[in-house]
Amino acid sequence: MTWSAAGLAAMGGLLVFGGVVGVLLAAACLVVVPRVAGSLETRADRERRDALARQGPALVDLLAATVAAGSAMGAALASVSEAVGEPSSGALHPVRAALDLGADAETAWLVLADDPVLGAVSAAVVRSARTGAPLAAMLARIADDLRRERRIAVEVAAQAAGVRAVVPLAACFLPAFLLLGVVPVVAALATGLLSGS
C-alpha cells in the first residue's frame with residue numbers, strides 16, 4: 001500500500017508539473033513517501049498503545065500485590081494476564097514463555113525494555129534481579145507514576161478537545177454575526193447616506 005501511494009504521488013507530480021521538475025518531483029515522491037508512511041502509527045497500534053496505557057496502572061498494581069504475596073514471577077504473570085486481559089496479556093506473553101522455558105528474569109524481561117508502558121516494569125525487574133532490591137515496592141511506585149502520567153494525558157487531551165471545538169463554533173457564529181448584526185447596520189447607514197444626498 002505504501003508503494004502504491006508513492007507511485008500515485010509520483011505520477012501526479014509527473015502529470016501536473018511535467019518535464020524535468022515533474023521527473024525530479026516523482027523521484028522525490030518515490031523516496032520520501034514510503035519513509036514517511038512507514039513511520040506513521042497505524043490506528044490499531046495507536047488503539048493498542050492507548051489500551052495498554054489504560055491497563056498499565058492496574059496491571060502493575062496487581063503484579064506488585066502478587067509478588068508481595070510471595071508468588072513466583074511466572075505464576076504472578078499468569079494471574080495478572082488472566083485478570084487484565086488483552087492487550088496487556090499479549091504483551092506479557094513473551095515474558096511468560098521465556099520464564100516457562102527457564103530463562104532468568106533479566107533475560108525474559110528484556111523483550112519489553114523499549115515498551116512505553118511496561119518498559120519501567122522491565123527495568124525494575126532487571127534491577128531487582130541484579131541488586132536484590134524489593135520488587136513489590138518498586139512496582140507500587142511505577143503504578144503511581146503510570147497513574148499520574150495517564151491522568152496528565154487525559155487532562156491534556158480534554159484541553160486540546162476544548163481548543164479544537166472553538167474553530168467550528170467560530171466558523172459558524174462569525175459569519176452569522178456579520179450577516180445578521182453588521183450587514184443590516186451598514187446597509188441602513190448606506191441607505192440613509194444615499195437617500196439624504
# chains A, B, ... in the order shown; residues from 1 in each chain; ligands from 1
call {"tool": "residues_around", "arguments": {"residues": "Asp50 (chain A)", "least_positions_apart": "4", "cutoff": "12 Å", "atoms": "only C-alpha atoms", "output": "compact mmCIF listing (two decimals) with N, CA, C and O atoms, in the first residue's frame"}}
result
# COMPACT_ATOMS: atom_id res chain seq x y z
N ARG A 43 -3.75 2.88 13.06
CA ARG A 43 -4.84 3.05 14.03
C ARG A 43 -4.85 1.91 15.05
O ARG A 43 -5.05 2.13 16.24
N ALA A 44 -4.59 0.69 14.59
CA ALA A 44 -4.57 -0.46 15.50
C ALA A 44 -3.45 -0.32 16.53
O ALA A 44 -3.64 -0.62 17.71
N ASP A 45 -2.27 0.14 16.08
CA ASP A 45 -1.16 0.34 17.00
C ASP A 45 -1.49 1.42 18.02
O ASP A 45 -1.17 1.30 19.21
N ARG A 46 -2.11 2.50 17.58
CA ARG A 46 -2.48 3.59 18.48
C ARG A 46 -3.50 3.12 19.51
O ARG A 46 -3.40 3.42 20.69
N ARG A 54 -4.13 2.53 29.52
CA ARG A 54 -5.26 2.46 30.45
C ARG A 54 -5.09 1.31 31.43
O ARG A 54 -5.41 1.44 32.60
N GLN A 55 -4.62 0.16 30.93
CA GLN A 55 -4.48 -1.02 31.78
C GLN A 55 -3.22 -1.00 32.63
O GLN A 55 -3.12 -1.73 33.61
N GLY A 56 -2.25 -0.18 32.26
CA GLY A 56 -0.95 -0.19 32.90
C GLY A 56 -0.96 -0.10 34.41
O GLY A 56 -0.37 -0.95 35.10
N GLU A 86 -6.56 -8.63 27.30
CA GLU A 86 -5.81 -8.03 26.18
C GLU A 86 -5.86 -6.52 26.26
O GLU A 86 -6.83 -5.98 26.77
N PRO A 87 -4.91 -5.83 25.77
CA PRO A 87 -3.68 -6.25 25.09
C PRO A 87 -2.52 -6.53 26.03
O PRO A 87 -1.47 -6.98 25.60
N SER A 88 -2.72 -6.27 27.34
CA SER A 88 -1.61 -6.47 28.28
C SER A 88 -1.19 -7.93 28.37
O SER A 88 0.00 -8.22 28.45
N PRO A 116 6.62 1.49 25.89
CA PRO A 116 6.37 2.75 26.59
C PRO A 116 5.68 2.59 27.94
O PRO A 116 5.86 3.42 28.82
N VAL A 117 4.89 1.54 28.12
CA VAL A 117 4.18 1.34 29.38
C VAL A 117 4.91 0.35 30.26
O VAL A 117 5.18 0.61 31.44
N ARG A 150 -1.07 8.94 33.13
CA ARG A 150 -2.35 8.74 32.46
C ARG A 150 -3.30 9.91 32.75
O ARG A 150 -3.98 10.40 31.85
N ALA A 153 -2.18 12.84 30.71
CA ALA A 153 -2.52 12.65 29.29
C ALA A 153 -4.00 12.90 29.03
O ALA A 153 -4.37 13.51 28.03
N VAL A 154 -4.85 12.46 29.95
CA VAL A 154 -6.29 12.67 29.79
C VAL A 154 -6.62 14.16 29.91
O VAL A 154 -7.44 14.69 29.14
call {"tool": "residues_around", "arguments": {"residues": "Asp61 (chain A)", "least_positions_apart": "3", "cutoff": "10 Å", "atoms": "only C-alpha atoms", "output": "list in words"}}
result
Gly56, Pro57, Ala58, Ala64, Ala65, Thr66, Val67, Val80, Ala136, Leu139, Ala140, Arg141, Ile142, Ala143 and Asp144 of chain A
call {"tool": "write_last_selection", "arguments": {"atoms": "N, CA and C atoms", "output": "compact mmCIF listing (two decimals), in the first residue's frame"}}
result
# COMPACT_ATOMS: atom_id res chain seq x y z
N GLY A 56 -2.25 -0.18 32.26
CA GLY A 56 -0.95 -0.19 32.90
C GLY A 56 -0.96 -0.10 34.41
N PRO A 57 -1.61 0.93 35.01
CA PRO A 57 -1.57 1.04 36.47
C PRO A 57 -2.18 -0.16 37.18
N ALA A 58 -3.31 -0.67 36.69
CA ALA A 58 -3.93 -1.83 37.32
C ALA A 58 -3.05 -3.06 37.18
N ALA A 64 2.44 -6.13 41.56
CA ALA A 64 3.08 -5.82 42.85
C ALA A 64 2.43 -6.62 43.97
N ALA A 65 1.12 -6.73 43.95
CA ALA A 65 0.41 -7.47 45.00
C ALA A 65 0.73 -8.96 44.96
N THR A 66 0.78 -9.54 43.77
CA THR A 66 1.07 -10.98 43.69
C THR A 66 2.52 -11.27 44.05
N VAL A 67 3.43 -10.37 43.68
CA VAL A 67 4.84 -10.57 44.06
C VAL A 67 5.01 -10.39 45.56
N VAL A 80 -1.93 -12.25 36.62
CA VAL A 80 -2.17 -10.87 36.19
C VAL A 80 -2.67 -10.84 34.76
N ALA A 136 8.32 -5.52 44.90
CA ALA A 136 6.96 -5.05 45.13
C ALA A 136 6.91 -3.55 45.38
N LEU A 139 7.46 -1.73 42.08
CA LEU A 139 6.28 -1.83 41.23
C LEU A 139 5.17 -0.90 41.71
N ALA A 140 5.02 -0.75 43.01
CA ALA A 140 3.99 0.17 43.53
C ALA A 140 4.29 1.60 43.11
N ARG A 141 5.57 2.00 43.14
CA ARG A 141 5.94 3.35 42.70
C ARG A 141 5.69 3.52 41.20
N ILE A 142 5.98 2.48 40.44
CA ILE A 142 5.76 2.55 38.99
C ILE A 142 4.27 2.68 38.69
N ALA A 143 3.43 1.97 39.42
CA ALA A 143 1.98 2.08 39.23
C ALA A 143 1.50 3.49 39.52
N ASP A 144 2.04 4.11 40.57
CA ASP A 144 1.67 5.50 40.88
C ASP A 144 2.11 6.43 39.75
call {"tool": "residues_around", "arguments": {"residues": "Ser81 (chain A)", "least_positions_apart": "3", "cutoff": "12 Å", "atoms": "only C-alpha atoms", "output": "PyMOL selection string"}}
result
chain A and resi 55-56+58-60+62-63+66+73-78+84-96
call {"tool": "select_by_dssp", "arguments": {"residues": "region 27-168 of chain A", "states": "alpha helix (DSSP H)", "output": "ChimeraX atom specification"}}
result
/A:27-39,43-68,73-84,88-100,105-109,119-131,135-168
call {"tool": "closest_atom_pairs", "arguments": {"of": "region 63-111 of chain A", "to": "region 118-127 of chain A", "cutoff": "8 Å", "atoms": "only C-alpha atoms", "output": "tab-separated table"}}
result
residue	atom	partner	partner_atom	distance
A:Ala105	CA	A:Val126	CA	6.7
A:Glu106	CA	A:Val126	CA	4.8
A:Trp109	CA	A:Ser122	CA	5.2
A:Leu110	CA	A:Ser122	CA	6.6
call {"tool": "write_last_selection", "arguments": {"atoms": "N, CA and C atoms", "output": "compact mmCIF listing (two decimals), in the first residue's frame"}}
result
# COMPACT_ATOMS: atom_id res chain seq x y z
N ALA A 105 15.04 -13.92 34.96
CA ALA A 105 14.14 -12.76 34.88
C ALA A 105 14.73 -11.66 34.02
N GLU A 106 16.03 -11.43 34.15
CA GLU A 106 16.66 -10.36 33.38
C GLU A 106 16.53 -10.59 31.88
N TRP A 109 12.64 -10.40 30.65
CA TRP A 109 12.01 -9.07 30.63
C TRP A 109 12.65 -8.12 29.64
N LEU A 110 13.79 -8.46 29.06
CA LEU A 110 14.42 -7.57 28.09
C LEU A 110 13.56 -7.35 26.85
call {"tool": "residues_around", "arguments": {"residues": "Gly22 (chain A)", "least_positions_apart": "4", "cutoff": "9 Å", "atoms": "only C-alpha atoms", "output": "ChimeraX atom specification"}}
result
/A:10-18,26-27
call {"tool": "atom_distance", "arguments": {"atom1": "CA of Asp145 (chain A)", "atom2": "CA of Ala97 (chain A)"}}
result
27.3 Å
call {"tool": "atom_distance", "arguments": {"atom1": "CA of Val20 (chain A)", "atom2": "CA of Arg35 (chain A)"}}
result
23.2 Å
